[in-house]
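Containing mmCIF, C-alpha atoms and all ligand atoms: input09.cif.
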data_protein
loop_
_atom_site.label_atom_id
_atom_site.label_comp_id
_atom_site.auth_asym_id
_atom_site.auth_seq_id
_atom_site.Cartn_x
_atom_site.Cartn_y
_atom_site.Cartn_z
CA MET K 68 -13.66 -15.19 5.74
CA THR K 69 -11.93 -17.41 8.28
CA ALA K 70 -9.72 -20.05 6.76
CA GLU K 71 -9.41 -23.68 7.77
CA LYS K 72 -6.18 -24.26 9.67
CA GLY K 73 -3.24 -24.20 7.24
CA THR K 74 -5.27 -22.96 4.28
CA ARG K 75 -5.05 -19.25 4.90
CA LEU K 76 -5.16 -17.39 1.59
CA ILE K 77 -2.92 -14.35 1.27
CA ILE K 78 -3.38 -12.06 -1.69
CA ALA K 79 -0.50 -9.70 -2.48
CA VAL K 80 -1.24 -6.63 -4.56
CA ASP K 81 1.82 -4.57 -5.44
CA GLY K 82 2.29 -1.62 -7.73
CA PRO K 83 3.42 1.98 -8.06
CA ALA K 84 1.79 5.06 -6.52
CA GLY K 85 -1.52 5.92 -8.11
CA SER K 86 -2.12 2.52 -9.71
CA GLY K 87 -5.43 2.21 -7.84
CA LYS K 88 -4.28 -0.48 -5.38
CA GLY K 89 -6.12 1.07 -2.43
CA SER K 90 -9.55 1.44 -3.97
CA VAL K 91 -9.36 -1.96 -5.66
CA CYS K 92 -8.29 -3.70 -2.43
CA ARG K 93 -10.87 -1.97 -0.23
CA SER K 94 -13.60 -3.01 -2.61
CA VAL K 95 -12.59 -6.66 -3.03
CA ALA K 96 -11.80 -7.02 0.70
CA ASP K 97 -15.36 -6.00 1.47
CA ARG K 98 -16.80 -8.27 -1.22
CA PHE K 99 -14.84 -11.39 -0.27
CA GLY K 100 -14.66 -10.75 3.49
CA LEU K 101 -10.86 -10.48 3.59
CA ALA K 102 -8.76 -8.73 6.21
CA TYR K 103 -7.13 -5.75 4.44
CA LEU K 104 -3.84 -4.01 5.16
CA GLU K 105 -2.56 -1.02 3.19
CA THR K 106 1.14 -1.47 3.90
CA GLY K 107 1.94 1.99 2.51
CA ALA K 108 0.04 3.43 5.51
CA ILE K 109 2.66 1.90 7.82
CA TYR K 110 5.52 3.58 5.93
CA ARG K 111 3.50 6.80 5.83
CA ALA K 112 3.03 6.58 9.63
CA VAL K 113 6.81 6.37 10.01
CA GLY K 114 7.11 9.34 7.62
CA LEU K 115 4.60 11.31 9.70
CA ILE K 116 6.47 10.56 12.93
CA ALA K 117 9.75 11.55 11.24
CA LEU K 118 8.26 14.90 10.22
CA GLU K 119 6.56 15.62 13.53
CA GLN K 120 9.52 14.61 15.71
CA GLY K 121 12.25 15.82 13.35
CA LEU K 122 13.83 12.35 13.15
CA ASP K 123 16.51 11.82 10.54
CA ALA K 124 19.03 9.21 11.69
CA PRO K 125 18.33 5.68 10.37
CA GLU K 126 18.63 4.19 13.89
CA SER K 127 16.04 6.62 15.34
CA LEU K 128 13.70 5.94 12.43
CA ALA K 129 14.03 2.16 12.80
CA GLU K 130 13.39 2.48 16.53
CA ALA K 131 10.32 4.64 15.91
CA ALA K 132 9.06 2.08 13.35
CA ALA K 133 9.51 -0.77 15.81
CA GLU K 134 7.82 1.04 18.69
CA MET K 135 5.00 3.00 17.09
CA PRO K 136 1.53 1.91 18.29
CA PHE K 137 0.21 1.59 14.71
CA THR K 138 -3.10 -0.09 13.92
CA PHE K 139 -5.12 -0.31 10.72
CA ARG K 140 -8.81 -0.81 11.39
CA ALA K 141 -11.88 -1.66 9.35
CA LEU K 142 -14.40 1.06 10.18
CA GLY K 143 -17.34 -0.51 8.30
CA GLY K 144 -18.83 0.22 4.89
CA GLY K 145 -15.53 -0.46 3.13
CA ASN K 146 -13.76 2.31 5.08
CA TYR K 147 -10.46 1.86 6.90
CA GLY K 148 -8.58 4.04 9.34
CA ALA K 149 -4.94 4.25 10.38
CA PHE K 150 -4.23 5.01 14.03
CA LEU K 151 -1.28 5.74 16.28
CA GLY K 152 -2.67 4.70 19.65
CA GLU K 153 -6.15 6.25 19.67
CA ARG K 154 -5.16 9.16 17.40
CA GLU K 155 -6.61 8.69 13.92
CA ILE K 156 -3.95 9.71 11.39
CA SER K 157 -5.71 8.72 8.12
CA ASP K 158 -5.98 12.31 6.80
CA ASP K 159 -2.41 13.20 7.86
CA LEU K 160 -1.11 10.18 5.97
CA ARG K 161 -2.60 11.31 2.65
CA ARG K 162 -0.61 14.58 2.64
CA GLU K 163 1.92 14.78 -0.19
CA GLU K 164 4.83 15.69 2.12
CA VAL K 165 4.07 12.61 4.24
CA GLY K 166 4.12 10.39 1.11
CA GLU K 167 7.46 11.89 0.13
CA ARG K 168 8.96 11.31 3.56
CA ALA K 169 7.51 7.77 3.57
CA SER K 170 9.28 7.03 0.30
CA GLN K 171 12.56 8.24 1.83
CA VAL K 172 12.30 6.34 5.10
CA SER K 173 11.17 3.19 3.30
CA ALA K 174 14.59 2.95 1.61
CA ILE K 175 16.23 2.27 5.02
CA PRO K 176 16.66 -1.52 5.45
CA ASP K 177 16.29 -1.44 9.27
CA VAL K 178 13.00 0.43 8.96
CA ARG K 179 11.70 -2.23 6.54
CA GLN K 180 12.92 -5.00 8.81
CA ALA K 181 11.17 -3.47 11.83
CA LEU K 182 7.84 -3.54 9.98
CA LEU K 183 7.96 -7.07 8.59
CA GLY K 184 6.48 -8.96 11.57
CA PHE K 185 3.43 -6.69 11.74
CA GLN K 186 2.72 -7.20 8.04
CA ARG K 187 3.23 -10.97 8.07
CA GLY K 188 1.01 -11.51 11.11
CA TYR K 189 -1.77 -9.27 9.89
CA GLY K 190 -5.23 -10.83 9.96
CA GLY K 191 -4.23 -13.72 12.22
CA SER K 192 -5.71 -16.88 10.71
CA ASP K 193 -8.09 -15.01 8.38
CA ASP K 194 -7.70 -14.74 4.64
CA ALA K 195 -6.08 -11.40 3.91
CA ILE K 196 -5.22 -8.99 1.13
CA LEU K 197 -2.20 -6.70 1.51
CA ASP K 198 -1.17 -3.99 -0.89
CA GLY K 199 2.20 -2.29 -1.25
CA ARG K 200 5.45 -2.51 -3.15
CA ASP K 201 7.11 -5.72 -1.93
CA VAL K 202 4.28 -7.83 -0.53
CA GLY K 203 4.62 -10.55 -3.19
CA THR K 204 8.42 -10.44 -3.30
CA VAL K 205 9.52 -9.99 0.35
CA VAL K 206 6.70 -9.77 2.89
CA CYS K 207 4.64 -12.77 1.73
CA PRO K 208 6.63 -14.59 -0.96
CA ASP K 209 4.32 -17.63 -0.48
CA ALA K 210 1.14 -15.63 -1.12
CA GLY K 211 -1.48 -17.74 -2.92
CA LEU K 212 -2.26 -14.99 -5.40
CA LYS K 213 0.05 -12.17 -6.47
CA ILE K 214 -1.14 -9.27 -8.54
CA PHE K 215 0.99 -6.41 -9.88
CA LEU K 216 -1.32 -3.48 -10.51
CA THR K 217 0.16 -0.81 -12.71
CA ALA K 218 -0.73 2.03 -15.11
CA SER K 219 1.14 4.58 -17.19
CA LEU K 220 2.70 7.55 -15.37
CA GLU K 221 0.28 9.88 -17.20
CA ALA K 222 -2.81 7.95 -16.07
CA ARG K 223 -1.59 7.65 -12.48
CA ALA K 224 -0.63 11.32 -12.22
CA GLU K 225 -3.99 12.39 -13.61
CA ARG K 226 -5.87 10.23 -11.11
CA ARG K 227 -3.78 11.52 -8.18
CA ALA K 228 -4.08 15.19 -9.29
CA LEU K 229 -7.88 14.89 -9.52
CA GLU K 230 -7.99 13.24 -6.09
CA LEU K 231 -5.89 16.00 -4.50
CA GLN K 232 -7.77 18.79 -6.28
CA ALA K 233 -11.08 17.31 -5.08
CA LYS K 234 -9.72 17.60 -1.53
CA GLY K 235 -8.89 21.26 -2.12
CA GLU K 236 -5.10 20.84 -2.50
CA PRO K 237 -4.03 23.32 -5.20
CA VAL K 238 -1.76 21.09 -7.32
CA SER K 239 -1.07 21.02 -11.07
CA LEU K 240 -0.91 17.86 -13.15
CA ARG K 241 2.65 18.71 -14.11
CA GLU K 242 3.93 18.91 -10.51
CA VAL K 243 2.09 15.73 -9.47
CA SER K 244 3.57 13.93 -12.48
CA ALA K 245 7.11 15.12 -11.70
CA ARG K 246 6.84 14.09 -8.04
CA MET K 247 5.40 10.72 -9.00
CA ALA K 248 8.19 10.05 -11.49
CA ALA K 249 10.78 10.85 -8.80
CA ARG K 250 8.97 8.60 -6.30
CA ASP K 251 8.76 5.76 -8.88
CA ALA K 252 12.49 6.06 -9.48
CA ARG K 253 13.26 5.96 -5.74
CA ASP K 254 10.84 3.07 -4.99
CA SER K 255 12.08 0.99 -7.95
CA GLY K 256 15.75 1.93 -7.72
CA ARG K 257 16.45 1.25 -4.04
CA SER K 258 18.64 -1.76 -3.38
CA HIS K 259 16.50 -3.21 -0.59
CA ALA K 260 13.05 -4.62 -1.55
CA PRO K 261 12.55 -2.45 -4.64
CA LEU K 262 9.21 -2.12 -6.38
CA LYS K 263 9.05 -4.90 -8.95
CA PRO K 264 6.59 -7.61 -9.91
CA ALA K 265 7.14 -11.04 -8.36
CA GLU K 266 8.00 -13.61 -11.04
CA ASP K 267 4.69 -15.35 -10.47
CA ALA K 268 2.56 -12.18 -10.32
CA VAL K 269 -0.35 -11.54 -12.66
CA ILE K 270 0.25 -8.12 -14.22
CA VAL K 271 -2.86 -5.97 -14.45
CA ASP K 272 -2.38 -2.74 -16.42
CA THR K 273 -5.22 -0.40 -15.47
CA THR K 274 -4.26 2.41 -17.90
CA PRO K 275 -7.30 1.87 -20.15
CA MET K 276 -9.62 0.77 -17.32
CA THR K 277 -12.11 2.64 -15.18
CA LYS K 278 -11.94 2.11 -11.44
CA SER K 279 -14.83 -0.37 -11.56
CA GLU K 280 -13.22 -2.30 -14.44
CA SER K 281 -10.01 -2.62 -12.39
CA ILE K 282 -12.03 -3.87 -9.41
CA GLU K 283 -13.86 -6.45 -11.54
CA ARG K 284 -10.62 -7.73 -13.09
CA VAL K 285 -9.03 -8.27 -9.67
CA ALA K 286 -12.28 -9.73 -8.28
CA ALA K 287 -12.31 -12.25 -11.16
CA LEU K 288 -8.75 -13.34 -10.31
CA ILE K 289 -9.70 -13.79 -6.64
CA SER K 290 -12.89 -15.73 -7.49
CA GLN K 291 -10.88 -18.02 -9.71
CA LYS K 292 -8.33 -18.59 -6.94
CA ILE K 293 -10.99 -19.27 -4.33
CA SER K 294 -12.88 -21.72 -6.55
CA ASN K 295 -9.68 -23.65 -7.32
CA ARG K 296 -8.68 -23.95 -3.68
O1 LIG K 301 1.50 3.14 -1.41
P1 LIG K 301 1.89 4.49 -0.83
O2 LIG K 301 2.06 5.54 -1.87
O3 LIG K 301 0.96 4.90 0.25
O4 LIG K 301 3.32 4.26 -0.13
C1 LIG K 301 4.06 5.32 0.43
C2 LIG K 301 5.54 5.01 0.33
O5 LIG K 301 5.84 3.90 1.18
C3 LIG K 301 6.01 4.60 -1.05
O6 LIG K 301 6.59 5.69 -1.76
C4 LIG K 301 7.05 3.53 -0.81
C5 LIG K 301 6.76 3.03 0.56
N1 LIG K 301 6.27 1.66 0.59
C6 LIG K 301 7.19 0.65 0.56
O7 LIG K 301 8.38 0.92 0.44
N2 LIG K 301 6.80 -0.64 0.67
C7 LIG K 301 5.51 -0.96 0.78
N3 LIG K 301 5.15 -2.23 0.90
C8 LIG K 301 4.52 0.07 0.78
C9 LIG K 301 4.94 1.38 0.68
#

Would you mind giving the structure from this file in structure tokens?
Ligand code: DC
Amino acid sequence: MTAEKGTRLIIAVDGPAGSGKGSVCRSVADRFGLAYLETGAIYRAVGLIALEQGLDAPESLAEAAAEMPFTFRALGGGNYGAFLGEREISDDLRREEVGERASQVSAIPDVRQALLGFQRGYGGSDDAILDGRDVGTVVCPDAGLKIFLTASLEARAERRALELQAKGEPVSLREVSARMAARDARDSGRSHAPLKPAEDAVIVDTTPMTKSESIERVAALISQKISNR
């Protein structure tokens, strides 16, 4: 959906790990023809580079973030891929150790700063939906619609454990839950751009919802926004 000049609609969807942001956003982006950016993939790409190149110092990590040839591409059929140059890194990014490292590097202010321009410019003049932790609070504080998607730790850990087990990763619910609780604490407790709902965000608690119910709830909010524009 290409917006009239000056009327670009940005939809910010923030929330903790495992809240279902990715599947909800992919689905509504396809339905409403929105450009979609999973901002967590950018932090995960920095985490992957940190692991592969053994980077540790904040300056080296910020430099890597500023220089990495990251792209996020719609591959058709509601699928998206993350790339460094022409190397597709989508599967690497889903690894638990990469998510952990991403959570650590994302607490470094200079790394966050280096990634702001890419996020703000994403989609050019098209309507766009971005998901992450601080899209509605820091990246796009003027977003036309802000949604905070959340769910209980138990529900999120169960969803993530099932997802990892389906991919053949031998994880227990207890370890996924412990790692997620630690990641929640780090993402919410950091001083710079912590995970928190924007004051004007609509809170959607998906604990009692199926994936398709979450999608329909968010789709209804977007429809309402578009019809009131
Ligand atoms: O959404 P995710 O689990 O893929 O994100 C991975 C990590 O990246 C997460 O632990 C925190 C960080 N992140 C962030 O700090 N800000 C964002 N907008 C998105 C992700």

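The closest residue to ligand LIG 301 (chain K), picked from K:Glu153, K:Asp97, K:Glu242, K:Glu167 and counting only C-alpha atoms and all ligand atoms, is K:Glu167.
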
Using only C-alpha atoms, which protein or nucleic acid residues come within 9 Å of Gln186 in chain K? Drop anything in the same chain fewer than 6 positions from it, and give the result as a VMD selection string. chain K and resid 104 106 197 202 206 to 207

Would you put the residues from that selection into a file with C-alpha atoms, as a tab-separated table (two decimals), keeping the file's coordinate frame?
chain	number	residue	atom	x	y	z
K	104	LEU	CA	-3.84	-4.01	5.16
K	106	THR	CA	1.14	-1.47	3.90
K	197	LEU	CA	-2.20	-6.70	1.51
K	202	VAL	CA	4.28	-7.83	-0.53
K	206	VAL	CA	6.70	-9.77	2.89
K	207	CYS	CA	4.64	-12.77	1.73

Give me the residues near Leu212 in chain K as a list in words, where near means some atom within 8 Å (using all atoms listed in the file) and where sequence neighbours in that chain fewer than 6 positions away do not count.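 Near neighbours after the sequence-gap exclusion: Leu76, Ile77, Ile78, Ala79, Ala268, Ile289 and Lys292 of chain K.
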
Would you please work out which residue, of K:Ile196, K:Leu262, K:Ala108, K:Val271, is nearest to Arg284 in chain K when using all atoms listed in the file?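 Smallest separation from Arg284 in chain K among the options: K:Val271.
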
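Residues within 10 Å of Val238 in chain K, counting all atoms listed in the file and excluding same-chain residues fewer than 6 positions away, are Arg227, Ala228, Leu229, Leu231 and Gln232 of chain K.
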
Can I get the residues close to ligand LIG 301 (chain K) as an NGL selection string, where close means within 8 Å and we count only C-alpha atoms and all ligand atoms? :K and (81-85 or 88-89 or 105-111 or 161 or 166-174 or 179 or 198-202 or 206 or 250-251 or 253-254 or 260-262)

Need the shell around Leu220 in chain K: protein/DNA/RNA residues with any atom at most 8 Å away, counting only C-alpha atoms. Skip same-chain ones fewer than 6 positions apart. Format as an NGL selection string? :K and (244 or 247-248)

Of the candidates K:Glu266, K:Asp159, K:Glu126, K:Glu283, which shows the shortest atom-to-atom distance to Lys213 in chain K, using only C-alpha atoms?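 Looking at the shortest contact to Lys213 in chain K, the residue is K:Glu266.
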
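Put simply, CA of Ser290 in chain K is 14.2 Å away from CA of Val269 in chain K.
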
Excluding same-chain residues fewer than 3 positions from Phe99 in chain K, what lies within 12 Å of it counting all atoms listed in the file, as a PDB file with C-alpha atoms, in the coordinates of the input?
ATOM      1  CA  MET K  68     -13.660 -15.190   5.740  1.00  0.00           C
ATOM      2  CA  THR K  69     -11.930 -17.410   8.280  1.00  0.00           C
ATOM      3  CA  LEU K  76      -5.160 -17.390   1.590  1.00  0.00           C
ATOM      4  CA  ILE K  78      -3.380 -12.060  -1.690  1.00  0.00           C
ATOM      5  CA  CYS K  92      -8.290  -3.700  -2.430  1.00  0.00           C
ATOM      6  CA  ARG K  93     -10.870  -1.970  -0.230  1.00  0.00           C
ATOM      7  CA  SER K  94     -13.600  -3.010  -2.610  1.00  0.00           C
ATOM      8  CA  VAL K  95     -12.590  -6.660  -3.030  1.00  0.00           C
ATOM      9  CA  ALA K  96     -11.800  -7.020   0.700  1.00  0.00           C
ATOM     10  CA  ALA K 102      -8.760  -8.730   6.210  1.00  0.00           C
ATOM     11  CA  TYR K 103      -7.130  -5.750   4.440  1.00  0.00           C
ATOM     12  CA  GLY K 145     -15.530  -0.460   3.130  1.00  0.00           C
ATOM     13  CA  ASP K 193      -8.090 -15.010   8.380  1.00  0.00           C
ATOM     14  CA  ASP K 194      -7.700 -14.740   4.640  1.00  0.00           C
ATOM     15  CA  ALA K 195      -6.080 -11.400   3.910  1.00  0.00           C
ATOM     16  CA  ILE K 196      -5.220  -8.990   1.130  1.00  0.00           C
ATOM     17  CA  VAL K 285      -9.030  -8.270  -9.670  1.00  0.00           C
ATOM     18  CA  ALA K 286     -12.280  -9.730  -8.280  1.00  0.00           C
ATOM     19  CA  ALA K 287     -12.310 -12.250 -11.160  1.00  0.00           C
ATOM     20  CA  LEU K 288      -8.750 -13.340 -10.310  1.00  0.00           C
ATOM     21  CA  ILE K 289      -9.700 -13.790  -6.640  1.00  0.00           C
ATOM     22  CA  SER K 290     -12.890 -15.730  -7.490  1.00  0.00           C
ATOM     23  CA  LYS K 292      -8.330 -18.590  -6.940  1.00  0.00           C
ATOM     24  CA  ILE K 293     -10.990 -19.270  -4.330  1.00  0.00           C
TER      25      ILE K 293
END

Could you tell me how far CA of Ser86 in chain K sits from CA of Met276 in chain K, in Å to one decimal place?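 It comes out at 10.8 Å.
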
In the coordinate frame of the file, compute which residues have an atom within 8 Å of (-0.7, 4.2, 13.2) when using all atoms listed in the file, and state them as a PyMOL selection string. chain K and resi 108-109+112+135-139+149-152+154-156

Could you dump the residues just selected with C-alpha atoms as an mmCIF file, in the coordinates of the input?
data_model
loop_
_atom_site.group_PDB
_atom_site.id
_atom_site.type_symbol
_atom_site.label_atom_id
_atom_site.label_comp_id
_atom_site.auth_asym_id
_atom_site.auth_seq_id
_atom_site.Cartn_x
_atom_site.Cartn_y
_atom_site.Cartn_z
ATOM 1 C CA ALA K 108 0.040 3.430 5.510
ATOM 2 C CA ILE K 109 2.660 1.900 7.820
ATOM 3 C CA ALA K 112 3.030 6.580 9.630
ATOM 4 C CA MET K 135 5.000 3.000 17.090
ATOM 5 C CA PRO K 136 1.530 1.910 18.290
ATOM 6 C CA PHE K 137 0.210 1.590 14.710
ATOM 7 C CA THR K 138 -3.100 -0.090 13.920
ATOM 8 C CA PHE K 139 -5.120 -0.310 10.720
ATOM 9 C CA ALA K 149 -4.940 4.250 10.380
ATOM 10 C CA PHE K 150 -4.230 5.010 14.030
ATOM 11 C CA LEU K 151 -1.280 5.740 16.280
ATOM 12 C CA GLY K 152 -2.670 4.700 19.650
ATOM 13 C CA ARG K 154 -5.160 9.160 17.400
ATOM 14 C CA GLU K 155 -6.610 8.690 13.920
ATOM 15 C CA ILE K 156 -3.950 9.710 11.390
#

Which of these, K:Val91, K:Ala233, K:Ala132, K:Ile214, has the shortest distance to Ala117 in chain K once you count only C-alpha atoms?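 Once distances to Ala117 in chain K are computed over only C-alpha atoms, the minimum belongs to K:Ala132.
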